[in-house]
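So this block is target34.cif, mmCIF, C-alpha atoms:
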data_final
loop_
_atom_site.label_atom_id
_atom_site.label_comp_id
_atom_site.auth_asym_id
_atom_site.auth_seq_id
_atom_site.Cartn_x
_atom_site.Cartn_y
_atom_site.Cartn_z
CA MET S 1 -15.76 21.46 23.93
CA ARG S 2 -15.79 21.47 20.17
CA TYR S 3 -13.59 19.14 18.19
CA ALA S 4 -12.18 19.98 14.76
CA ARG S 5 -9.77 18.40 12.30
CA HIS S 6 -6.32 19.86 12.75
CA PRO S 7 -5.99 22.29 9.84
CA GLU S 8 -2.50 21.10 8.94
CA VAL S 9 -3.47 17.45 8.66
CA LEU S 10 -3.80 16.39 5.02
CA TRP S 11 -6.18 13.54 4.33
CA ARG S 12 -8.12 11.45 1.83
CA SER S 13 -11.20 9.24 1.94
CA THR S 14 -10.93 5.62 0.85
CA SER S 15 -13.26 2.64 1.03
CA ARG S 16 -11.19 1.37 3.94
CA GLY S 17 -11.33 4.57 5.94
CA PRO S 18 -9.66 7.97 5.85
CA VAL S 19 -5.91 8.19 5.33
CA LEU S 20 -4.28 11.04 7.24
CA LEU S 21 -0.92 12.73 7.09
CA PRO S 22 0.08 15.00 9.97
CA PRO S 23 2.61 17.78 9.41
CA SER S 24 6.21 16.72 8.81
CA PRO S 25 7.77 14.43 9.96
CA GLY S 26 4.63 12.35 10.58
CA ASP S 27 3.80 9.34 8.43
CA PRO S 28 0.51 8.51 6.71
CA GLU S 29 -1.92 6.43 8.71
CA ARG S 30 -5.34 4.96 8.05
CA LEU S 31 -8.10 5.38 10.59
CA GLY S 32 -10.55 2.60 11.25
CA GLY S 33 -13.56 1.95 13.46
CA VAL S 34 -15.07 4.80 15.45
CA ALA S 35 -12.11 7.09 14.72
CA ALA S 36 -12.80 6.82 10.99
CA VAL S 37 -16.46 7.72 11.46
CA VAL S 38 -15.58 10.64 13.73
CA TRP S 39 -13.07 11.99 11.24
CA GLU S 40 -15.45 11.79 8.29
CA LEU S 41 -18.20 13.52 10.29
CA LEU S 42 -16.04 16.45 11.34
CA ASP S 43 -16.66 18.58 8.29
CA ALA S 44 -17.49 21.31 10.79
CA PRO S 45 -16.34 21.61 14.41
CA SER S 46 -18.68 19.62 16.65
CA THR S 47 -19.16 18.63 20.27
CA ALA S 48 -19.08 15.01 21.35
CA ALA S 49 -22.83 15.15 21.88
CA GLU S 50 -23.43 16.49 18.37
CA LEU S 51 -21.21 13.80 16.90
CA SER S 52 -22.96 11.12 18.89
CA ALA S 53 -26.36 12.33 17.76
CA THR S 54 -25.30 12.58 14.12
CA ALA S 55 -23.66 9.20 14.14
CA GLU S 56 -26.27 7.42 16.22
CA ASP S 57 -27.03 4.87 13.53
CA LEU S 58 -23.42 4.37 12.56
CA LEU S 59 -21.96 4.18 16.01
CA SER S 60 -24.65 2.66 18.19
CA PRO S 61 -22.86 -0.65 18.76
CA GLU S 62 -19.67 1.17 19.62
CA ALA S 63 -20.92 4.45 20.99
CA ALA S 64 -19.07 3.90 24.21
CA GLY S 65 -15.84 4.32 22.23
CA LEU S 66 -16.68 7.77 20.90
CA GLN S 67 -15.09 9.84 23.65
CA GLU S 68 -12.07 7.54 23.77
CA SER S 69 -11.58 7.96 20.03
CA LEU S 70 -11.88 11.73 20.29
CA ASP S 71 -9.32 11.80 23.10
CA ALA S 72 -6.93 9.56 21.20
CA LEU S 73 -7.18 11.71 18.04
CA VAL S 74 -6.53 14.84 20.11
CA ASP S 75 -3.57 13.21 21.85
CA ARG S 76 -2.06 12.33 18.46
CA GLY S 77 -2.46 15.91 17.25
CA LEU S 78 -4.98 15.02 14.57
CA LEU S 79 -7.87 16.96 16.15
CA THR S 80 -7.95 20.32 17.87
CA VAL S 81 -10.23 21.20 20.78
CA GLU S 82 -11.94 24.54 21.22
CA PRO S 83 -13.55 25.42 24.54
CA MET A 1 -11.88 -7.53 -20.43
CA ILE A 2 -9.61 -5.47 -18.16
CA ASP A 3 -9.62 -2.72 -20.76
CA GLU A 4 -13.41 -2.65 -20.67
CA VAL A 5 -13.39 -2.39 -16.88
CA LEU A 6 -10.81 0.41 -16.94
CA ARG A 7 -12.89 2.44 -19.39
CA ALA A 8 -15.94 1.99 -17.18
CA VAL A 9 -13.91 3.06 -14.16
CA ALA A 10 -12.58 6.11 -15.99
CA ALA A 11 -16.17 7.14 -16.75
CA HIS A 12 -17.52 6.29 -13.31
CA GLY A 13 -19.83 8.99 -11.98
CA LEU A 14 -20.15 10.86 -15.27
CA PRO A 15 -23.66 11.57 -16.53
CA GLY A 16 -25.11 9.23 -19.14
CA ASP A 17 -25.94 5.56 -19.40
CA ARG A 18 -23.11 3.14 -19.93
CA PRO A 19 -23.31 -0.65 -19.88
CA PRO A 20 -21.93 -2.18 -16.67
CA PRO A 21 -18.51 -3.76 -17.05
CA PRO A 22 -18.05 -7.51 -16.59
CA GLU A 23 -17.35 -8.86 -13.11
CA VAL A 24 -13.64 -9.10 -12.36
CA PRO A 25 -12.70 -12.55 -11.07
CA ASP A 26 -10.19 -12.87 -8.24
CA ASP A 27 -7.48 -14.16 -10.54
CA ARG A 28 -7.61 -10.92 -12.57
CA ILE A 29 -7.56 -8.47 -9.65
CA GLU A 30 -3.80 -8.03 -9.58
CA GLU A 31 -3.77 -7.42 -13.33
CA LEU A 32 -6.53 -4.85 -12.90
CA LEU A 33 -4.52 -3.07 -10.22
CA ARG A 34 -1.36 -3.13 -12.35
CA GLU A 35 -3.22 -1.63 -15.29
CA ALA A 36 -5.19 0.91 -13.28
CA ALA A 37 -2.20 2.47 -11.52
CA PRO A 38 -0.44 4.06 -14.52
CA GLU A 39 -3.81 5.23 -15.81
CA LYS A 40 -4.28 7.14 -12.52
CA LEU A 41 -7.50 5.28 -11.91
CA LEU A 42 -6.99 3.67 -8.49
CA GLY A 43 -9.07 6.31 -6.73
CA LEU A 44 -11.96 5.98 -9.15
CA LEU A 45 -11.64 2.19 -9.07
CA ASP A 46 -11.93 2.15 -5.27
CA GLN A 47 -14.99 4.40 -5.53
CA ALA A 48 -16.57 2.38 -8.34
CA VAL A 49 -16.22 -0.84 -6.34
CA ALA A 50 -17.64 0.84 -3.22
CA ASP A 51 -20.57 2.10 -5.31
CA GLY A 52 -21.21 -1.35 -6.77
CA ALA A 53 -20.46 -0.17 -10.30
CA VAL A 54 -17.63 -2.67 -10.69
CA ALA A 55 -18.42 -6.16 -9.45
CA VAL A 56 -15.67 -7.97 -7.56
CA SER A 57 -15.58 -10.51 -4.74
CA ARG A 58 -15.09 -9.44 -1.14
CA HIS A 59 -11.45 -10.43 -1.45
CA GLY A 60 -11.15 -8.33 -4.61
CA ALA A 61 -12.72 -5.33 -2.89
CA GLU A 62 -10.30 -5.66 0.01
CA ARG A 63 -7.28 -5.81 -2.30
CA ILE A 64 -8.47 -2.78 -4.22
CA GLY A 65 -9.11 -0.95 -0.95
CA GLU A 66 -5.62 -1.78 0.30
CA GLU A 67 -4.08 -0.48 -2.90
CA ALA A 68 -6.19 2.67 -2.69
CA VAL A 69 -4.90 3.30 0.83
CA ARG A 70 -1.31 2.82 -0.34
CA THR A 71 -1.87 5.15 -3.29
CA GLN A 72 -3.46 7.84 -1.16
CA ALA A 73 -0.67 7.60 1.41
CA TRP A 74 1.84 8.42 -1.33
CA CYS A 75 -0.39 11.20 -2.67
CA LEU A 76 -0.43 12.77 0.77
CA LEU A 77 3.36 12.66 1.03
CA VAL A 78 3.56 14.29 -2.40
CA GLU A 79 0.94 16.81 -1.36
CA ARG A 80 2.97 17.70 1.71
CA HIS A 81 5.99 18.14 -0.53
CA HIS A 82 3.99 20.66 -2.56
CA LEU A 83 3.98 22.77 0.60
CA GLU A 84 7.76 22.55 0.88
CA VAL A 85 8.26 23.52 -2.77
CA HIS A 86 5.73 26.34 -2.37
CA ARG A 87 7.60 27.66 0.66
CA LEU A 88 11.01 27.47 -0.98
CA LEU A 89 9.95 29.21 -4.18
CA THR A 90 7.68 31.87 -2.72
CA ASP A 91 10.22 32.77 -0.01
CA ALA A 92 12.66 33.41 -2.86
CA GLY A 93 10.12 35.62 -4.64
CA ILE A 94 9.54 33.15 -7.48
CA ASP A 95 6.05 33.27 -8.93
CA THR A 96 4.43 29.84 -9.24
CA ARG A 97 1.38 28.11 -10.71
CA PHE A 98 1.04 24.59 -9.39
CA LEU A 99 -0.24 22.25 -12.11
CA LYS A 100 -2.35 19.08 -12.19
CA GLY A 101 -2.09 17.07 -8.93
CA PRO A 102 -3.82 18.72 -5.99
CA SER A 103 -4.84 21.61 -8.21
CA ALA A 104 -7.16 19.27 -10.13
CA ALA A 105 -7.96 16.85 -7.32
CA HIS A 106 -9.21 19.44 -4.82
CA ARG A 107 -11.04 21.72 -7.22
CA PHE A 108 -12.72 19.59 -9.83
CA TYR A 109 -13.47 16.18 -8.30
CA GLU A 110 -16.10 15.22 -5.77
CA HIS A 111 -13.30 14.34 -3.37
CA PRO A 112 -9.55 14.48 -3.97
CA ALA A 113 -8.93 10.74 -3.60
CA LEU A 114 -10.60 10.28 -6.99
CA ARG A 115 -7.69 11.98 -8.68
CA PRO A 116 -4.36 10.53 -7.50
CA PHE A 117 -1.00 11.93 -8.55
CA VAL A 118 2.61 10.96 -8.11
CA ASP A 119 4.77 14.07 -8.30
CA VAL A 120 4.90 17.84 -7.94
CA ASP A 121 4.37 19.91 -11.09
CA VAL A 122 4.86 23.62 -10.93
CA LEU A 123 5.04 26.21 -13.68
CA ILE A 124 7.60 28.96 -13.27
CA ARG A 125 8.89 31.62 -15.60
CA SER A 126 11.82 30.72 -17.84
CA ALA A 127 13.86 33.49 -16.25
CA ASP A 128 13.43 31.85 -12.83
CA LEU A 129 14.23 28.31 -13.89
CA ASP A 130 17.93 28.18 -13.06
CA ARG A 131 17.41 29.89 -9.71
CA ALA A 132 14.56 27.52 -8.83
CA VAL A 133 16.73 24.52 -9.71
CA ASP A 134 19.50 25.88 -7.46
CA LEU A 135 17.04 26.45 -4.61
CA LEU A 136 15.69 22.93 -4.74
CA MET A 137 19.17 21.45 -5.04
CA GLY A 138 20.18 23.53 -2.04
CA ALA A 139 17.30 21.88 -0.18
CA GLY A 140 18.62 18.41 -0.92
CA HIS A 141 17.03 17.63 -4.28
CA THR A 142 19.03 16.07 -7.07
CA ARG A 143 18.57 16.78 -10.74
CA ASN A 144 17.44 13.73 -12.76
CA GLN A 145 19.16 14.78 -15.98
CA PRO A 146 22.04 17.20 -16.35
CA GLU A 147 21.50 20.31 -18.45
CA PRO A 148 22.04 19.17 -22.08
CA VAL A 149 23.99 22.35 -22.80
CA PRO A 150 24.06 25.55 -20.74
CA GLY A 151 20.87 27.53 -21.24
CA PHE A 152 18.98 24.83 -23.13
CA SER A 153 16.37 24.00 -20.49
CA ALA A 154 15.49 27.62 -19.74
CA ARG A 155 15.10 28.42 -23.42
CA TYR A 156 13.73 25.26 -25.05
CA GLY A 157 13.04 22.60 -22.44
CA LYS A 158 9.61 21.69 -21.16
CA SER A 159 10.72 21.15 -17.59
CA VAL A 160 13.52 20.20 -15.28
CA THR A 161 12.91 17.19 -13.06
CA LEU A 162 14.45 16.91 -9.63
CA ARG A 163 14.07 14.33 -6.92
CA SER A 164 13.72 15.01 -3.21
CA PRO A 165 15.70 13.03 -0.62
CA ALA A 166 12.48 11.07 0.02
CA GLY A 167 12.23 10.17 -3.67
CA ILE A 168 9.47 12.61 -4.64
CA GLU A 169 9.87 14.05 -8.13
CA VAL A 170 9.44 17.76 -8.70
CA ASP A 171 8.92 18.96 -12.25
CA LEU A 172 9.77 22.62 -12.68
CA HIS A 173 7.85 23.47 -15.84
CA ARG A 174 8.78 26.25 -18.17
CA THR A 175 6.01 25.38 -20.62
CA LEU A 176 2.93 23.16 -20.62
CA ALA A 177 4.11 20.76 -23.31
CA SER A 178 7.16 19.19 -24.82
CA GLY A 179 7.68 19.07 -28.58
CA PRO A 180 6.11 21.53 -31.01
CA TYR A 181 3.38 22.81 -28.71
CA GLY A 182 5.98 23.66 -26.12
CA LEU A 183 8.23 25.40 -28.60
CA VAL A 184 5.76 27.27 -30.74
CA ARG A 185 5.06 30.02 -28.24
CA PRO A 186 6.20 30.81 -24.69
CA PRO A 187 3.43 30.57 -22.10
CA ASP A 188 3.30 34.32 -21.48
CA ALA A 189 -0.48 34.29 -21.89
CA LEU A 190 -0.76 32.06 -18.83
CA TRP A 191 1.19 34.51 -16.70
CA ARG A 192 -1.08 37.39 -17.70
CA ARG A 193 -4.07 35.62 -16.17
CA THR A 194 -5.11 36.00 -12.54
CA PRO A 195 -4.27 32.79 -10.67
CA ALA A 196 -6.72 30.77 -8.64
CA HIS A 197 -5.69 29.25 -5.32
CA VAL A 198 -5.97 25.87 -3.68
CA ARG A 199 -5.70 25.48 0.06
CA LEU A 200 -3.49 22.66 1.28
CA GLY A 201 -3.34 22.51 5.04
CA THR A 202 -2.97 26.15 6.02
CA ALA A 203 -1.26 27.33 2.81
CA ASP A 204 -2.83 28.74 -0.34
CA LEU A 205 -1.03 27.59 -3.48
CA ALA A 206 -1.35 29.58 -6.69
CA VAL A 207 -2.78 27.45 -9.49
CA LEU A 208 -4.13 28.03 -12.98
CA ASP A 209 -7.61 29.50 -13.23
CA PRO A 210 -10.29 26.97 -14.30
CA SER A 211 -10.17 27.80 -18.02
CA ALA A 212 -6.40 27.60 -18.12
CA ALA A 213 -6.47 24.38 -16.09
CA PHE A 214 -8.87 22.87 -18.64
CA ALA A 215 -6.67 23.99 -21.52
CA HIS A 216 -3.67 22.45 -19.77
CA ALA A 217 -5.55 19.19 -19.11
CA CYS A 218 -6.26 18.96 -22.85
CA ILE A 219 -2.69 19.80 -23.84
CA HIS A 220 -1.34 17.29 -21.34
CA ALA A 221 -3.69 14.54 -22.55
CA VAL A 222 -2.58 14.75 -26.18
CA THR A 223 1.12 15.57 -25.92
CA GLY A 224 2.26 12.25 -24.51
CA ARG A 225 2.80 9.16 -26.57
CA ARG A 226 -0.58 7.84 -25.45
CA ALA A 227 -3.56 9.55 -23.87
CA ARG A 228 -4.04 7.93 -20.50
CA LEU A 229 -7.56 7.32 -19.23
CA GLY A 230 -6.98 9.41 -16.13
CA SER A 231 -5.85 12.32 -18.30
CA LEU A 232 -8.96 11.98 -20.45
CA ARG A 233 -11.13 11.92 -17.35
CA ASP A 234 -9.45 15.20 -16.38
CA VAL A 235 -10.48 16.62 -19.74
CA VAL A 236 -14.11 15.79 -19.04
CA GLN A 237 -13.97 16.69 -15.37
CA LEU A 238 -12.35 20.10 -15.91
CA ALA A 239 -14.41 21.08 -18.95
CA GLY A 240 -16.25 24.32 -18.42
CA PRO A 241 -17.36 26.98 -20.86
CA SER A 242 -14.91 26.51 -23.71
CA GLU A 243 -14.70 30.06 -25.13
CA ASP A 244 -12.17 31.36 -22.64
CA ALA A 245 -10.11 28.15 -22.70
CA LEU A 246 -10.12 28.14 -26.50
CA LYS A 247 -9.08 31.78 -26.63
CA LEU A 248 -6.18 31.04 -24.31
CA ALA A 249 -5.24 27.94 -26.31
CA GLU A 250 -5.19 30.04 -29.47
CA GLN A 251 -2.83 32.47 -27.75
CA LEU A 252 -0.62 29.48 -26.98
CA ARG A 253 -1.12 28.17 -30.55
CA ALA A 254 -2.46 24.96 -29.03
CA ALA A 255 -6.18 25.11 -29.84
CA ALA A 256 -5.93 21.85 -31.77
CA CYS A 257 -4.96 20.11 -28.52
CA LEU A 258 -8.37 20.98 -27.08
CA VAL A 259 -10.13 19.59 -30.13
CA GLN A 260 -8.08 16.42 -30.13
CA ALA A 261 -8.50 15.93 -26.38
CA ALA A 262 -12.29 16.29 -26.65
CA ARG A 263 -12.36 13.71 -29.44
CA LEU A 264 -10.16 11.23 -27.57
CA ALA A 265 -12.17 11.67 -24.37
CA THR A 266 -15.38 10.87 -26.20
CA GLU A 267 -13.80 7.88 -27.89
CA ALA A 268 -12.58 6.48 -24.58
CA LEU A 269 -15.26 7.50 -22.11
CA GLY A 270 -18.40 7.78 -24.19
CA PRO A 271 -20.52 10.63 -25.52
CA PRO A 272 -19.52 14.02 -24.15
CA ALA A 273 -21.55 15.07 -21.19
CA THR A 274 -21.08 18.77 -21.67
CA ALA A 275 -21.82 21.20 -24.47
CA PRO A 276 -18.27 22.62 -24.51
CA LEU A 277 -16.80 19.23 -25.32
CA ARG A 278 -19.42 18.60 -28.01
CA GLU A 279 -18.57 21.93 -29.61
CA LEU A 280 -14.84 21.32 -29.42
CA GLU A 281 -15.14 17.93 -31.05
CA GLN A 282 -16.59 19.51 -34.16
CA ALA A 283 -13.89 22.13 -34.62
CA PRO A 284 -11.49 21.68 -37.54
CA VAL A 285 -7.81 20.77 -37.08
CA SER A 286 -5.33 22.14 -39.59
CA ARG A 287 -2.91 19.89 -41.48
CA ARG A 288 -0.02 21.41 -39.59
CA ASP A 289 -1.67 20.56 -36.28
CA GLN A 290 -2.47 17.06 -37.48
CA ARG A 291 1.22 16.61 -38.24
CA TRP A 292 2.24 17.96 -34.86
CA LEU A 293 -0.28 15.84 -32.96
CA THR A 294 0.88 12.75 -34.82
CA LEU A 295 4.46 13.53 -33.87
CA TYR A 296 3.61 12.90 -30.22
CA THR A 297 2.31 9.42 -30.91
CA GLN A 298 5.22 8.26 -33.04
CA THR A 299 8.01 6.10 -31.78
CA GLY A 300 11.50 7.34 -32.40
CA SER A 301 14.49 8.68 -30.60
CA TYR A 302 14.03 11.78 -28.51
CA ARG A 303 16.58 13.47 -30.69
CA SER A 304 14.67 12.83 -33.89
CA VAL A 305 11.47 14.08 -32.29
CA ALA A 306 13.27 17.15 -30.99
CA LEU A 307 14.65 17.81 -34.46
CA ARG A 308 11.25 17.47 -36.08
CA SER A 309 9.82 19.85 -33.48
CA ALA A 310 12.13 22.62 -34.68
CA SER A 311 9.61 23.73 -37.29
CA ALA A 312 7.42 25.01 -34.47
CA LEU A 313 9.99 27.63 -33.52
CA PRO A 314 10.11 31.08 -35.10
CA VAL A 315 12.48 30.94 -38.08
CA VAL A 316 15.02 33.19 -36.40
CA ASP A 317 15.24 30.87 -33.42
CA ARG A 318 15.75 27.62 -35.29
CA PRO A 319 19.52 27.81 -35.93
CA ARG A 320 20.26 28.39 -32.25
CA TYR A 321 17.98 25.50 -31.28
CA LEU A 322 19.61 23.16 -33.78
CA VAL A 323 23.11 24.17 -32.71
CA MET A 324 22.19 23.52 -29.07
CA LEU A 325 20.73 20.15 -29.99
CA ALA A 326 23.92 19.26 -31.83
CA ARG A 327 26.05 20.30 -28.86
CA ALA A 328 23.77 18.33 -26.55
CA GLY A 329 24.37 15.30 -28.72
CA ARG A 330 28.08 15.61 -28.10
CA SER A 331 27.64 15.90 -24.36
CA SER A 332 24.96 14.32 -22.24
CA GLY A 333 22.14 14.12 -24.73
CA VAL A 334 18.61 15.42 -24.81
CA SER A 335 16.12 14.01 -22.38
CA ARG A 336 12.55 13.14 -23.11
CA ARG A 337 11.55 16.38 -21.44
CA ASP A 338 13.27 18.25 -24.23
CA GLY A 339 11.68 16.17 -26.95
CA VAL A 340 8.39 14.43 -26.41
CA ASP A 341 7.28 12.80 -23.20
CA THR A 342 6.65 9.12 -23.11
CA ALA A 343 5.66 8.94 -19.48
CA GLU A 344 2.82 11.04 -18.25
CA LYS A 345 2.74 11.83 -14.61
CA GLY A 346 1.07 14.42 -12.41
#

Render the structure in this file as structure tokens.
Amino acid sequence: MRYARHPEVLWRSTSRGPVLLPPSPGDPERLGGVAAVVWELLDAPSTAAELSATAEDLLSPEAAGLQESLDALVDRGLLTVEP
Amino acid sequence: MIDEVLRAVAAHGLPGDRPPPPEVPDDRIEELLREAAPEKLLGLLDQAVADGAVAVSRHGAERIGEEAVRTQAWCLLVERHHLEVHRLLTDAGIDTRFLKGPSAAHRFYEHPALRPFVDVDVLIRSADLDRAVDLLMGAGHTRNQPEPVPGFSARYGKSVTLRSPAGIEVDLHRTLASGPYGLVRPPDALWRRTPAHVRLGTADLAVLDPSAAFAHACIHAVTGRRARLGSLRDVVQLAGPSEDALKLAEQLRAAACLVQAARLATEALGPPATAPLRELEQAPVSRRDQRWLTLYTQTGSYRSVALRSASALPVVDRPRYLVMLARAGRSSGVSRRDGVDTAEKG
């Protein structure tokens, strides 16, 4: 499965993590931790394995949370999943 | 000291050597944030601190980061409102060119957070102004200022400002400037140019092409009471080959704005990094343009500024303008948008 940023989610980078705004009526929210790293890395659709490999250095202490973060972002409609 | 830091922040990331600004102690952080916000520098400040170009304590960095998050959250809400305005106007067949804001942030900066904005600015044709106002009001917006006299805004005003139910301001622009540079010639030359587009979410918004956007950045920077650092950074950031922009500015009779903006940008941010700005700086400015440019920096009532701007109009149009101003004086008055802006936004 390939994960991608939802095309209708508007967002910005900040020093404290990306700030996202889903389509109306959602409110802005800041991502932190693994979710922030995942979001920043998803410039192009990627699999969990590709993300893990790319972010090995960044995520190694928390790598176990990668799939959970992806699932949570999908559940909240911030990421899309392609087979 | 804060001024020195703000200038360094405004120039952050530009080519050239500049001395590092002094460290900002914790007891000056709130002052720095207060001063940076109206200059539209919170995005660059957050980046400069993250890059180590502005020295602050860990506490200071956290405060600046928090403020950057808050600023970007508002920007995103405003950006989403651009989509609503785009939908309303295009569904009604009204041609648009979105100005400043996302149009600059997404196209000309390394990432859009570096260029925050606070409202929606969109250029429409004079003939569409009243209909666009009605459309937005029908969608729940309220008009900030009533029409001074019927027909004034569509003929002589710079823009009409409305406010969404969520408090987001929408400026429907008829021209790029208030005062003489807004009156001297209608912006027909802008409408003859092929628009560029900026993608927001899944929508493509029509925006000014890069040369026109640069010309507008220059006009915007010098037609407020004071050139804000963020506006001057736009001048540098948007500067491309100047020939096309200068040709357009001449068509708008606003070439002096480009010259003045290049000079002010150099004064504030340091030596120009690009050849176009160096060339522009050297160009002459006529006495008439010097007078007009000075008019924007003078204090005075909006009415007096509006009256002194009348000389920019074709002779045949002046009596009607003056009569409308007089009638406006007997009714609700003339807003700053009809005279000279004091508050720069976008």

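Here CA of Glu169 in chain A stands at a distance of 6.3 Å from CA of Val120 in chain A.
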
- Exactly which residues make up the result of the PyMOL selection byres ((chain A and resi 186-195) around 12) on this file, given as an MDAnalysis selection string? chainID A and resid 95:99 103 123:127 154:158 173:178 180:185 196:198 204:213 215:216 244:245 247:254 312:314

Can you build me a table of chain S residues sitting at most 12 Å from chain A, with the closest atom pair per residue and its distance in Å to one decimal, using only C-alpha atoms, sorted by chain and residue number, as a Markdown table?
| residue | atom | partner | partner_atom | distance |
| --- | --- | --- | --- | --- |
| S:Arg5 | CA | A:Gly201 | CA | 10.5 |
| S:His6 | CA | A:Gly201 | CA | 8.7 |
| S:Pro7 | CA | A:Gly201 | CA | 5.5 |
| S:Glu8 | CA | A:Gly201 | CA | 4.2 |
| S:Val9 | CA | A:Gly201 | CA | 6.2 |
| S:Leu10 | CA | A:Gly201 | CA | 6.1 |
| S:Trp11 | CA | A:Leu76 | CA | 6.8 |
| S:Arg12 | CA | A:Ala113 | CA | 5.5 |
| S:Ser13 | CA | A:Ala113 | CA | 6.2 |
| S:Thr14 | CA | A:Val69 | CA | 6.5 |
| S:Ser15 | CA | A:Gly65 | CA | 5.8 |
| S:Arg16 | CA | A:Gly65 | CA | 5.8 |
| S:Gly17 | CA | A:Val69 | CA | 8.3 |
| S:Pro18 | CA | A:Val69 | CA | 8.3 |
| S:Val19 | CA | A:Ala73 | CA | 6.6 |
| S:Leu20 | CA | A:Ala73 | CA | 7.7 |
| S:Leu21 | CA | A:Leu76 | CA | 6.3 |
| S:Pro22 | CA | A:Arg80 | CA | 9.2 |
| S:Pro23 | CA | A:Arg80 | CA | 7.7 |
| S:Ser24 | CA | A:Arg80 | CA | 7.9 |
| S:Pro25 | CA | A:Arg80 | CA | 10.1 |
| S:Gly26 | CA | A:Leu77 | CA | 9.6 |
| S:Asp27 | CA | A:Leu77 | CA | 8.1 |
| S:Pro28 | CA | A:Ala73 | CA | 5.5 |
| S:Glu29 | CA | A:Ala73 | CA | 7.5 |
| S:Arg30 | CA | A:Val69 | CA | 7.4 |
| S:Leu31 | CA | A:Val69 | CA | 10.5 |
| S:Gly32 | CA | A:Val69 | CA | 11.9 |

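Close contacts of Arg288 in chain A, defined as residues with an atom at most 10 Å away when counting only C-alpha atoms, with chain neighbours fewer than 5 positions off set aside, comprise Ala256, Leu293, Thr294 and Ala312 of chain A.
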
- Message: Set the distance at 6 Å and use all atoms listed in the file: which residues neighbour range 46-53 of chain S once local chain neighbours fewer than 4 positions away are removed? I'd like the list as JSON, numbers by chain.
- Response: {"S": [1, 2, 3]}

- Task: Identify the residues within 9 Å of coordinate (-10.9, 14.7, -15.4) (same frame as the file), considering all atoms listed in the file, and give the answer as a ChimeraX atom specification.
- Result: /A:10,104-105,108-109,115,217,229-239

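One distance worth recording is that between CA of Val34 in chain S and CA of Ile29 in chain A, which is 29.4 Å.
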
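CA of Ala328 in chain A is positioned 21.0 Å from CA of Asp134 in chain A.
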
- Within 9 Å of Ile168 in chain A using all atoms listed in the file, minus same-chain residues under 3 positions, as a PyMOL selection string: chain A and resi 77-78+81+118-120+162-165
